[in-house]
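Take a look at the structure set out below.
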Amino acid sequence: MTSTEQRLVAAAERLFAEQGVGAVSLRTVMQAAETNVAAIHYHFGSKEGLLDAVLRSRLDQVTGERNAALAELSGDEVTSRELAVAFVRPVVAVLESGGEHWIRLVGRLLATDEKGLGVLSDSFLRRNARFVELLERRSPGVARRTLDFRLTQAMHVTLNVLGDVERVRRLLGPDTTPRAWPLDDVVADLVDVVTSVLTGPPGER
């Protein structure tokens, strides 16, 4: 990706996350990226092409890190918590690499059904096929649709929390500061929640 493409993707990622895809004009993106009027059409073809590039810019990172984590697990002995860690940690890595806006954008698309959701829904379960396979081994007899649903809900809560950690802290009260609830503790609590989602009701545990 050229430096111009990188600037456009970074600017679009931030603006789309903050304002929503529909509210952001191409001219606004180009101004933020300090490029000329034709740059987006030249590099991406359209607004939809730019959004697709933004979404895919970090999807491979998440998928690669998640598959690497899953490769270290034993299929016959894997626990829900191990799966939860493998699910959450790659998104934490995106956050720590400066991808908060990307996480927030993906969460926004899931919540609002804006354009771009198709890119995510088409690839989510395919990209997480190995994850679902291990989840099926861990939950024999549970319908595949139920497991897919649990996985999508795990995605919702993960993106919702990591896309705006400060907002999550504020929801818990004015005394919930980064010092009182550091990111490592937020992630540990998030893993607990995702573990519960993947495990299902007590009768399945």
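Lettering and numbering for the structure tokens are positional, with chains as A, B, ... in the shown order, residues counted from 1 in each chain, and ligands counted from 1 in the shown order.
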Check the DSSP output for the backbone and give back, as JSON, numbers by chain, the residues of chain A in alpha helix (DSSP H). {"A": [3, 4, 5, 6, 7, 8, 9, 10, 11, 12, 13, 14, 15, 16, 17, 18, 19, 26, 27, 28, 29, 30, 31, 32, 33, 39, 40, 41, 42, 43, 47, 48, 49, 50, 51, 52, 53, 54, 55, 56, 57, 58, 59, 60, 61, 62, 63, 64, 65, 66, 67, 68, 69, 70, 71, 80, 81, 82, 83, 84, 85, 86, 87, 88, 89, 90, 91, 92, 93, 94, 95, 96, 100, 101, 102, 103, 104, 105, 106, 107, 108, 109, 110, 111, 112, 117, 118, 119, 120, 121, 122, 123, 124, 125, 126, 127, 129, 130, 131, 132, 133, 134, 135, 136, 137, 138, 144, 145, 146, 147, 148, 149, 150, 151, 152, 153, 154, 155, 156, 157, 158, 159, 160, 161, 162, 165, 166, 167, 168, 169, 170, 171, 183, 184, 185, 186, 187, 188, 189, 190, 191, 192, 193, 194, 195, 196, 197, 198, 199]}
Nearby residues (only C-alpha atoms) at most 9 Å from His43 of chain A, same-chain spacing under 5 positions excluded, as an mmCIF file with C-alpha atoms, in the first residue's frame:
```cif
data_model
loop_
_atom_site.group_PDB
_atom_site.id
_atom_site.type_symbol
_atom_site.label_atom_id
_atom_site.label_comp_id
_atom_site.auth_asym_id
_atom_site.auth_seq_id
_atom_site.Cartn_x
_atom_site.Cartn_y
_atom_site.Cartn_z
ATOM 1 C CA THR A 4 -1.183 8.028 -0.096
ATOM 2 C CA GLU A 5 -3.343 4.929 0.293
ATOM 3 C CA ALA A 38 -9.095 12.347 -7.457
ATOM 4 C CA GLY A 49 -13.977 0.549 -2.191
ATOM 5 C CA LEU A 50 -12.334 2.755 0.429
#
```
If we count only C-alpha atoms and set the cut-off at 10 Å, which residues sit around segment 84-94 of chain A, ignoring sequence neighbours fewer than 6 positions away in its own chain? Please answer as a ChimeraX atom specification. /A:58-59,61-73,100-103,128,131,151,154-155,157-159,162-163,183-184,187-188,190-199
### Message
Can you tell me which residues surround Ala180 of chain A at a distance of at most 12 Å, considering only C-alpha atoms, apart from same-chain residues fewer than 6 positions away, and format the answer as a PyMOL selection string?
### Response
chain A and resi 169-170+172-174+186
Problem - Ala33 of chain A environment, 12 Å, only C-alpha atoms, sequence neighbours closer than 3 positions dropped, as a ChimeraX atom specification - result: /A:3-15,26-30,36-37,39-40
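Across the structure, atom CA of Arg81 of chain A and atom CA of Arg150 of chain A are spaced 13.9 Å apart.
Note that the spacing between atom CA of Thr79 of chain A and atom CA of Arg126 of chain A amounts to 21.6 Å.
Between Val78 of chain A and the candidates A:Ala23, A:Ser139, A:Asp60, A:Gly107, the tightest atom-to-atom separation, counting only C-alpha atoms, involves A:Ser139.
The space between atom CA of His156 of chain A and atom CA of Leu110 of chain A spans 7.6 Å.
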